Structure formats: structure tokens, C-alpha cells
Amino acid sequence: MQQVSFTNRKPTDDPRADQFRQARDLVLGSLGAYRIDEPRTASTAYVWPTAICPVGCGHCNFAAPPNVRDLARPRITRFRDELLTMLRDSQVWKAVLSGGGEPMMEPEFCKRFIAEVSSSALEEIELITSAHFAGDLEAARDTVAELAAAWRGRTPAPQPVSFTVRISVDWFHAARIGLEPAANLITVLSGDEYQDIGFYVRSVLLDGDRTMSDLAALLGGELSEIEDYQQTIRLPDGRDILIYYKNLILDGRITKRKLDRLPVGMPDESRSEEFGKRFATAAGRHIPARTYNGPVVRQLDGLAMIFEDDGAVKILEGNAPDRIRRLGDLPSWAAVMDHYYADPITVFLVQEGPDALAQLVSERYPDAVSVGSEHNELYHLASRILETPERALYATLRVLDQHLASGLVNADPDVLAKAWELLQEAAQT
């Protein structure tokens, strides 16, 4: 690596942004093929049918407000066949309808997805929902019957494929629409006719929060103590409903200042540095691209993928934000993998994770190491670490220092030298 002395600048609209982008493109174009054995299959695929949510919880850092008008129909619903082909070829293990927004704002897409998604490795389909559609028991019964029919009518697969409904319920959710929709959906799913469908509740861990106690009371059940971010509601018939807690992200609609004005607070267990310990590998790394985040954490052989409502195809915290492609841009799953693994940042994030990337670039940008703690989150870190073209170029070159030394890839030294010179010039102005 060339030794470059940088000041800690954080440019916003840098007039050299295009130069940094072009320099990074030239660096990537100068690379030979990577000599790596990283995964080229998908473990989990999170599919966003829409960006719209009729609930719009006060803490959500994804969903659009419910009154969005004239929003173009999500592109992914128009690319259903391409999506299903890509998931089949990715050998996906678990297919999740998530968001983004509320998946059941696109009920027909969800039902067809549940009926048709397949791969040689598929074991589970999961639907994440706020239960907004279950305002009364009749509506809950009708919707569950349609979802169950879509799943039960699937073409026989090489192995059994289970179906699970994850119900999102928390203090903010209850403040918007109350607990009756969630209670109605749980009541229906607890019936004898749906014993073959799994379900659980996902909540947000807060101090001073009685939401789960109130939900248990609505269901006539008893609430257990919390252990390892989980507790249960024991129903009168003896069946246990699992509740799994995540941490509160201070971003988007909620900030620390707003939280301080609410009757709930953030316990230490809800802080990202504590919550994140659940997902660390044996070597102590946090690699979202290789981890299943759920009640039971799993370190996986494949990649966690996101297919957003606009068709964007991403590796979860696993690719640079300037290398995103969409359904229809690339002809196949193999082409998607070729595209992403041609980028040193992708290789590094899949091997080491965003925390390691933050440490690497902190020599130039000390604030990179605090982006997770500032927002109390474990995801959306790569986009903040690489928030400008200059940072993306610097990260690329620093990662390449390691990869070239390890013999993972070859590069044109003249192109690298010119890129370092550009960063040097930027630091001196």
C-alpha cells in the first residue's frame, strides 16, 4: 500500500465524485478473476413485494407511509417469473416474503409466490406480516384459508417445504392499530385446521413495554419470562406461541430524542453491541451475508439475499451500494454472482463482514467505526461506511492491499497507482 496522509474530511457534494467513481470502475476493470471459494448459492431470500405499509410503525426505517399516492406498481411484481427462475437457480434454502413494506398489500403476488417458489434446496417459506388484514375474525379466517390453499396446493417438491407466518407486533405497532388484528390472526392460526402451518411473533425489546402482556391477556394466555430474546404465551389449550425480540433501530422515524419522550425505553439487551453477540461466528465476526437472523441463529453456507420492491438484487450487507443490479439487468443467477464477486468489497464483506470493513477504512475515516452504534443497528452499515464515491474508492484500494498480498486476485499496478494519486490530491485540497 502507498502511504497517504489524509485529513478526516467528510465531503457531501464533492465535485470530484465522478472522478472517484470512474477511478473505482477502472480499478475493477483492471482485476483478473478472483481465486476464491465463497458461496454462490442463496441461503435465505428476502423478497419485498412492496414498499407501502398501512401501519407505518413509529420505529420503522423501511416502510413508506400508508398515504403514498401515485406510487408506481412495484417492479418486482412485474418480474415474478424472472424472480422465481432466479430463486430456483440460486438453490435457495428459505424464501421469505418481507419488507420493505407490508407484503400483504400485494396479496395475489404473495399467494402465487407461496404456491410457485421452488428450488432443489428449499425447505421453508415464510410470510412476515403486521396482520393489518385481520381486523375481525372473519377477515382473518378468509385470508389464512387463501394462504393455506396456496401452500397446500404446491406441486410436490423433492423435499417437504414448510410454511410459517411471522407476525410483527410491538409497542409502536400497537399504538397504530391496536392488538386485535394480531390476536385475531393468532386465534385462527391456532385452530386445529391449521396445525400444519407454523407461526410466531416478532417484537422489539423495550423497557416499560406491556404489549406482550396485553396480547397474552387478549388471548387468555400466560406470558413466560424472557430468556435469550425469547418468551412464550401459553394458550389455554396448552399450545405455546413463540415471541422473538429484536433490538430497536434508532433511524428513520425514531431517534434517541424521540424515544426519550416516550413511555418506553431501551434496555442494555436492546443495544446493538449486546444484541449482535447472538450472531457472531466462532471467530467473533459478524457477517450478515452468511447468517440467518431469527429465533435460532444459523451460520449458513449460502448467501442471504434481498430482492427489493423495485427489483434491486442485493447481498445482505454483502455488496457495495454502487454495484447494485436489478431483475432484468442480468440474464441469470450465475451472472449475478459473477457481477458481485468481481468487486473486492463484495469478497471482503462476505468473508469478514461490515464491522471489519469499518475498521479497515477507519484509518482514513475514523467515524466509520461508529455508524452502527449511532443508529443502534446491525444492518445498513455498508452503505454508511461507503457513503461517498471517495470512501468507496478508498475501501476498494485498502481491501485490494490484502487481496493482492494473499494472491486472491491480480490487478494493474498502474491503475492502482493512479487511483491512490487521486485520493492523495483530494486530501491535499
# chains A, B, ... in the order shown; residues from 1 in each chain; ligands from 1
>>> residues_around(residues="Pro160 (chain A)", least_positions_apart="3", cutoff="10 Å", atoms="only C-alpha atoms", output="count of residues only")
6
>>> select_by_dssp(residues="region 44-138 of chain A", states="strand (DSSP E)", output="list in words")
Thr44, Ala45, Tyr46, Val47, Lys94, Ala95, Val96, Leu97, Glu124, Ile125, Glu126, Leu127, Ile128 and Thr129 of chain A
>>> residues_around(residues="Gly32 (chain A)", least_positions_apart="6", cutoff="7 Å", atoms="only C-alpha atoms", output="PyMOL selection string")
chain A and resi 409-411
>>> residues_around(residues="Arg326 (chain A)", least_positions_apart="5", cutoff="6 Å", atoms="only C-alpha atoms", output="MDAnalysis selection string")
chainID A and resid 311:313
>>> write_last_selection(atoms="N, CA and C atoms", output="PDB file, in the first residue's frame")
ATOM      1  N   GLY A 311     -37.031  -4.222  -7.677  1.00  0.00           N
ATOM      2  CA  GLY A 311     -36.292  -5.215  -8.446  1.00  0.00           C
ATOM      3  C   GLY A 311     -34.828  -5.310  -8.094  1.00  0.00           C
ATOM      4  N   ALA A 312     -34.342  -4.450  -7.181  1.00  0.00           N
ATOM      5  CA  ALA A 312     -32.931  -4.489  -6.809  1.00  0.00           C
ATOM      6  C   ALA A 312     -32.574  -5.832  -6.182  1.00  0.00           C
ATOM      7  N   VAL A 313     -31.452  -6.391  -6.612  1.00  0.00           N
ATOM      8  CA  VAL A 313     -30.946  -7.657  -6.083  1.00  0.00           C
ATOM      9  C   VAL A 313     -29.690  -7.352  -5.280  1.00  0.00           C
TER      10      VAL A 313
END
>>> residues_around(residues="region 381-397 of chain A", least_positions_apart="2", cutoff="7 Å", atoms="only C-alpha atoms", output="PyMOL selection string")
chain A and resi 17+20-21+24+317+320-321+344-345+354+358+361+368+371-372+378-379+399-401
>>> write_last_selection(atoms="C-alpha atoms", output="PDB file, in the first residue's frame")
ATOM      1  CA  ALA A  17     -17.308  12.456  -7.123  1.00  0.00           C
ATOM      2  CA  PHE A  20     -13.731   8.770  -7.823  1.00  0.00           C
ATOM      3  CA  ARG A  21     -16.457   6.688  -9.464  1.00  0.00           C
ATOM      4  CA  ARG A  24     -13.117   2.743  -8.993  1.00  0.00           C
ATOM      5  CA  GLU A 317     -24.630  -6.305   3.903  1.00  0.00           C
ATOM      6  CA  ALA A 320     -21.069  -2.083  -2.309  1.00  0.00           C
ATOM      7  CA  PRO A 321     -24.069   0.247  -2.823  1.00  0.00           C
ATOM      8  CA  PRO A 344     -13.216  -6.666  -3.827  1.00  0.00           C
ATOM      9  CA  ILE A 345     -15.750  -5.097  -1.451  1.00  0.00           C
ATOM     10  CA  PRO A 354     -19.200  -4.823   7.677  1.00  0.00           C
ATOM     11  CA  ALA A 358     -15.392  -0.215   9.090  1.00  0.00           C
ATOM     12  CA  VAL A 361     -11.360   2.247   6.408  1.00  0.00           C
ATOM     13  CA  ALA A 368     -16.754   4.663  10.134  1.00  0.00           C
ATOM     14  CA  VAL A 371     -22.039   4.075  12.285  1.00  0.00           C
ATOM     15  CA  GLY A 372     -23.625   1.020  13.890  1.00  0.00           C
ATOM     16  CA  LEU A 378     -26.530  -4.251  12.707  1.00  0.00           C
ATOM     17  CA  TYR A 379     -27.557  -3.692   9.085  1.00  0.00           C
ATOM     18  CA  VAL A 399      -9.215  -4.270   0.539  1.00  0.00           C
ATOM     19  CA  LEU A 400      -7.105  -4.899  -2.554  1.00  0.00           C
ATOM     20  CA  ASP A 401      -3.966  -4.382  -0.469  1.00  0.00           C
TER      21      ASP A 401
END
>>> residues_around(residues="Arg325 (chain A)", least_positions_apart="3", cutoff="12 Å", atoms="only C-alpha atoms", output="ChimeraX atom specification")
/A:306-308,310-315,319-322,328-333,335-340
>>> write_last_selection(atoms="N, CA, C and O atoms", output="tab-separated table (two decimals), in the first residue's frame")
chain	number	residue	atom	x	y	z
A	306	ILE	N	-31.45	-10.17	-0.80
A	306	ILE	CA	-32.62	-9.31	-0.72
A	306	ILE	C	-33.07	-8.98	-2.15
A	306	ILE	O	-32.24	-8.58	-2.98
A	307	PHE	N	-34.36	-9.14	-2.41
A	307	PHE	CA	-34.95	-8.75	-3.68
A	307	PHE	C	-35.98	-7.67	-3.37
A	307	PHE	O	-37.09	-7.98	-2.92
A	308	GLU	N	-35.60	-6.42	-3.57
A	308	GLU	CA	-36.43	-5.31	-3.13
A	308	GLU	C	-37.58	-5.03	-4.10
A	308	GLU	O	-37.61	-5.54	-5.21
A	310	ASP	N	-38.33	-2.61	-5.95
A	310	ASP	CA	-38.01	-2.03	-7.26
A	310	ASP	C	-37.19	-2.98	-8.13
A	310	ASP	O	-36.71	-2.59	-9.19
A	311	GLY	N	-37.03	-4.22	-7.68
A	311	GLY	CA	-36.29	-5.21	-8.45
A	311	GLY	C	-34.83	-5.31	-8.09
A	311	GLY	O	-34.12	-6.16	-8.64
A	312	ALA	N	-34.34	-4.45	-7.18
A	312	ALA	CA	-32.93	-4.49	-6.81
A	312	ALA	C	-32.57	-5.83	-6.18
A	312	ALA	O	-33.31	-6.36	-5.34
A	313	VAL	N	-31.45	-6.39	-6.61
A	313	VAL	CA	-30.95	-7.66	-6.08
A	313	VAL	C	-29.69	-7.35	-5.28
A	313	VAL	O	-28.72	-6.81	-5.81
A	314	LYS	N	-29.71	-7.69	-3.99
A	314	LYS	CA	-28.60	-7.35	-3.11
A	314	LYS	C	-28.19	-8.56	-2.27
A	314	LYS	O	-29.01	-9.44	-1.99
A	315	ILE	N	-26.94	-8.57	-1.86
A	315	ILE	CA	-26.47	-9.48	-0.82
A	315	ILE	C	-26.60	-8.73	0.49
A	315	ILE	O	-26.17	-7.58	0.59
A	319	ASN	N	-22.56	-6.27	-0.42
A	319	ASN	CA	-22.05	-5.68	-1.66
A	319	ASN	C	-22.02	-4.16	-1.53
A	319	ASN	O	-22.76	-3.57	-0.73
A	320	ALA	N	-21.17	-3.54	-2.32
A	320	ALA	CA	-21.07	-2.08	-2.31
A	320	ALA	C	-22.34	-1.48	-2.89
A	320	ALA	O	-22.91	-2.02	-3.84
A	321	PRO	N	-22.81	-0.33	-2.35
A	321	PRO	CA	-24.07	0.25	-2.82
A	321	PRO	C	-24.03	0.77	-4.25
A	321	PRO	O	-25.08	1.01	-4.85
A	322	ASP	N	-22.83	0.92	-4.84
A	322	ASP	CA	-22.76	1.40	-6.21
A	322	ASP	C	-22.68	0.27	-7.23
A	322	ASP	O	-22.48	0.51	-8.42
A	328	GLY	N	-33.78	-8.39	-14.41
A	328	GLY	CA	-33.84	-7.99	-15.79
A	328	GLY	C	-32.55	-7.39	-16.31
A	328	GLY	O	-32.30	-7.37	-17.52
A	329	ASP	N	-31.69	-6.88	-15.38
A	329	ASP	CA	-30.41	-6.32	-15.81
A	329	ASP	C	-29.42	-7.40	-16.20
A	329	ASP	O	-28.59	-7.20	-17.09
A	330	LEU	N	-29.47	-8.52	-15.48
A	330	LEU	CA	-28.54	-9.62	-15.71
A	330	LEU	C	-29.33	-10.86	-16.08
A	330	LEU	O	-30.42	-11.10	-15.53
A	331	PRO	N	-28.80	-11.70	-16.96
A	331	PRO	CA	-29.62	-12.77	-17.53
A	331	PRO	C	-29.84	-13.98	-16.63
A	331	PRO	O	-30.72	-14.80	-16.92
A	332	SER	N	-29.05	-14.13	-15.58
A	332	SER	CA	-29.14	-15.37	-14.81
A	332	SER	C	-28.57	-15.16	-13.41
A	332	SER	O	-27.89	-14.17	-13.12
A	333	TRP	N	-28.85	-16.14	-12.54
A	333	TRP	CA	-28.27	-16.13	-11.20
A	333	TRP	C	-26.75	-16.20	-11.28
A	333	TRP	O	-26.05	-15.50	-10.54
A	335	ALA	N	-24.87	-14.99	-13.54
A	335	ALA	CA	-24.38	-13.66	-13.92
A	335	ALA	C	-24.42	-12.70	-12.74
A	335	ALA	O	-23.54	-11.84	-12.60
A	336	VAL	N	-25.42	-12.83	-11.88
A	336	VAL	CA	-25.49	-12.01	-10.67
A	336	VAL	C	-24.28	-12.28	-9.78
A	336	VAL	O	-23.62	-11.36	-9.29
A	337	MET	N	-23.96	-13.56	-9.58
A	337	MET	CA	-22.81	-13.90	-8.75
A	337	MET	C	-21.50	-13.43	-9.39
A	337	MET	O	-20.62	-12.90	-8.70
A	338	ASP	N	-21.38	-13.58	-10.69
A	338	ASP	CA	-20.17	-13.12	-11.38
A	338	ASP	C	-20.01	-11.61	-11.19
A	338	ASP	O	-18.90	-11.11	-10.97
A	339	HIS	N	-21.12	-10.89	-11.29
A	339	HIS	CA	-21.07	-9.43	-11.16
A	339	HIS	C	-20.60	-9.02	-9.77
A	339	HIS	O	-19.69	-8.19	-9.64
A	340	TYR	N	-21.19	-9.60	-8.74
A	340	TYR	CA	-20.84	-9.17	-7.39
A	340	TYR	C	-19.45	-9.63	-6.97
A	340	TYR	O	-18.72	-8.89	-6.31
>>> residues_around(residues="His286 (chain A)", least_positions_apart="6", cutoff="10 Å", atoms="only C-alpha atoms", output="JSON, numbers by chain")
{"A": [276, 277, 278, 279, 280, 349, 351, 352, 353, 354, 355, 356, 378]}
>>> closest_residue(among="A:Ala148, A:Ile114, A:Leu327, A:Ile177", to="Ala131 (chain A)", atoms="only C-alpha atoms")
A:Ile177
>>> closest_atom_pairs(of="region 168-232 of chain A", to="region 259-262 of chain A", cutoff="12 Å", atoms="only C-alpha atoms", output="JSON lines")
{"residue": "A:Trp171", "atom": "CA", "partner": "A:Leu262", "partner_atom": "CA", "distance": 10.5}
{"residue": "A:Phe172", "atom": "CA", "partner": "A:Leu262", "partner_atom": "CA", "distance": 10.3}
{"residue": "A:Ala175", "atom": "CA", "partner": "A:Leu262", "partner_atom": "CA", "distance": 11.6}
{"residue": "A:Leu206", "atom": "CA", "partner": "A:Leu259", "partner_atom": "CA", "distance": 10.5}
{"residue": "A:Asp207", "atom": "CA", "partner": "A:Leu262", "partner_atom": "CA", "distance": 10.8}
{"residue": "A:Gly208", "atom": "CA", "partner": "A:Leu262", "partner_atom": "CA", "distance": 10.0}
{"residue": "A:Asp209", "atom": "CA", "partner": "A:Leu262", "partner_atom": "CA", "distance": 10.7}
>>> decode(residues="region 325-346 of chain A", atoms="C-alpha atoms", output="CSV table (one decimal), in the first residue's frame")
chain,number,residue,atom,x,y,z
A,325,ARG,CA,-28.3,-4.7,-10.2
A,326,ARG,CA,-32.0,-5.3,-10.7
A,327,LEU,CA,-34.1,-8.1,-12.0
A,328,GLY,CA,-33.8,-8.0,-15.8
A,329,ASP,CA,-30.4,-6.3,-15.8
A,330,LEU,CA,-28.5,-9.6,-15.7
A,331,PRO,CA,-29.6,-12.8,-17.5
A,332,SER,CA,-29.1,-15.4,-14.8
A,333,TRP,CA,-28.3,-16.1,-11.2
A,334,ALA,CA,-24.8,-17.1,-12.3
A,335,ALA,CA,-24.4,-13.7,-13.9
A,336,VAL,CA,-25.5,-12.0,-10.7
A,337,MET,CA,-22.8,-13.9,-8.7
A,338,ASP,CA,-20.2,-13.1,-11.4
A,339,HIS,CA,-21.1,-9.4,-11.2
A,340,TYR,CA,-20.8,-9.2,-7.4
A,341,TYR,CA,-17.8,-11.3,-6.9
A,342,ALA,CA,-15.9,-9.1,-9.4
A,343,ASP,CA,-15.8,-6.5,-6.7
A,344,PRO,CA,-13.2,-6.7,-3.8
A,345,ILE,CA,-15.7,-5.1,-1.5
A,346,THR,CA,-18.2,-8.0,-2.0
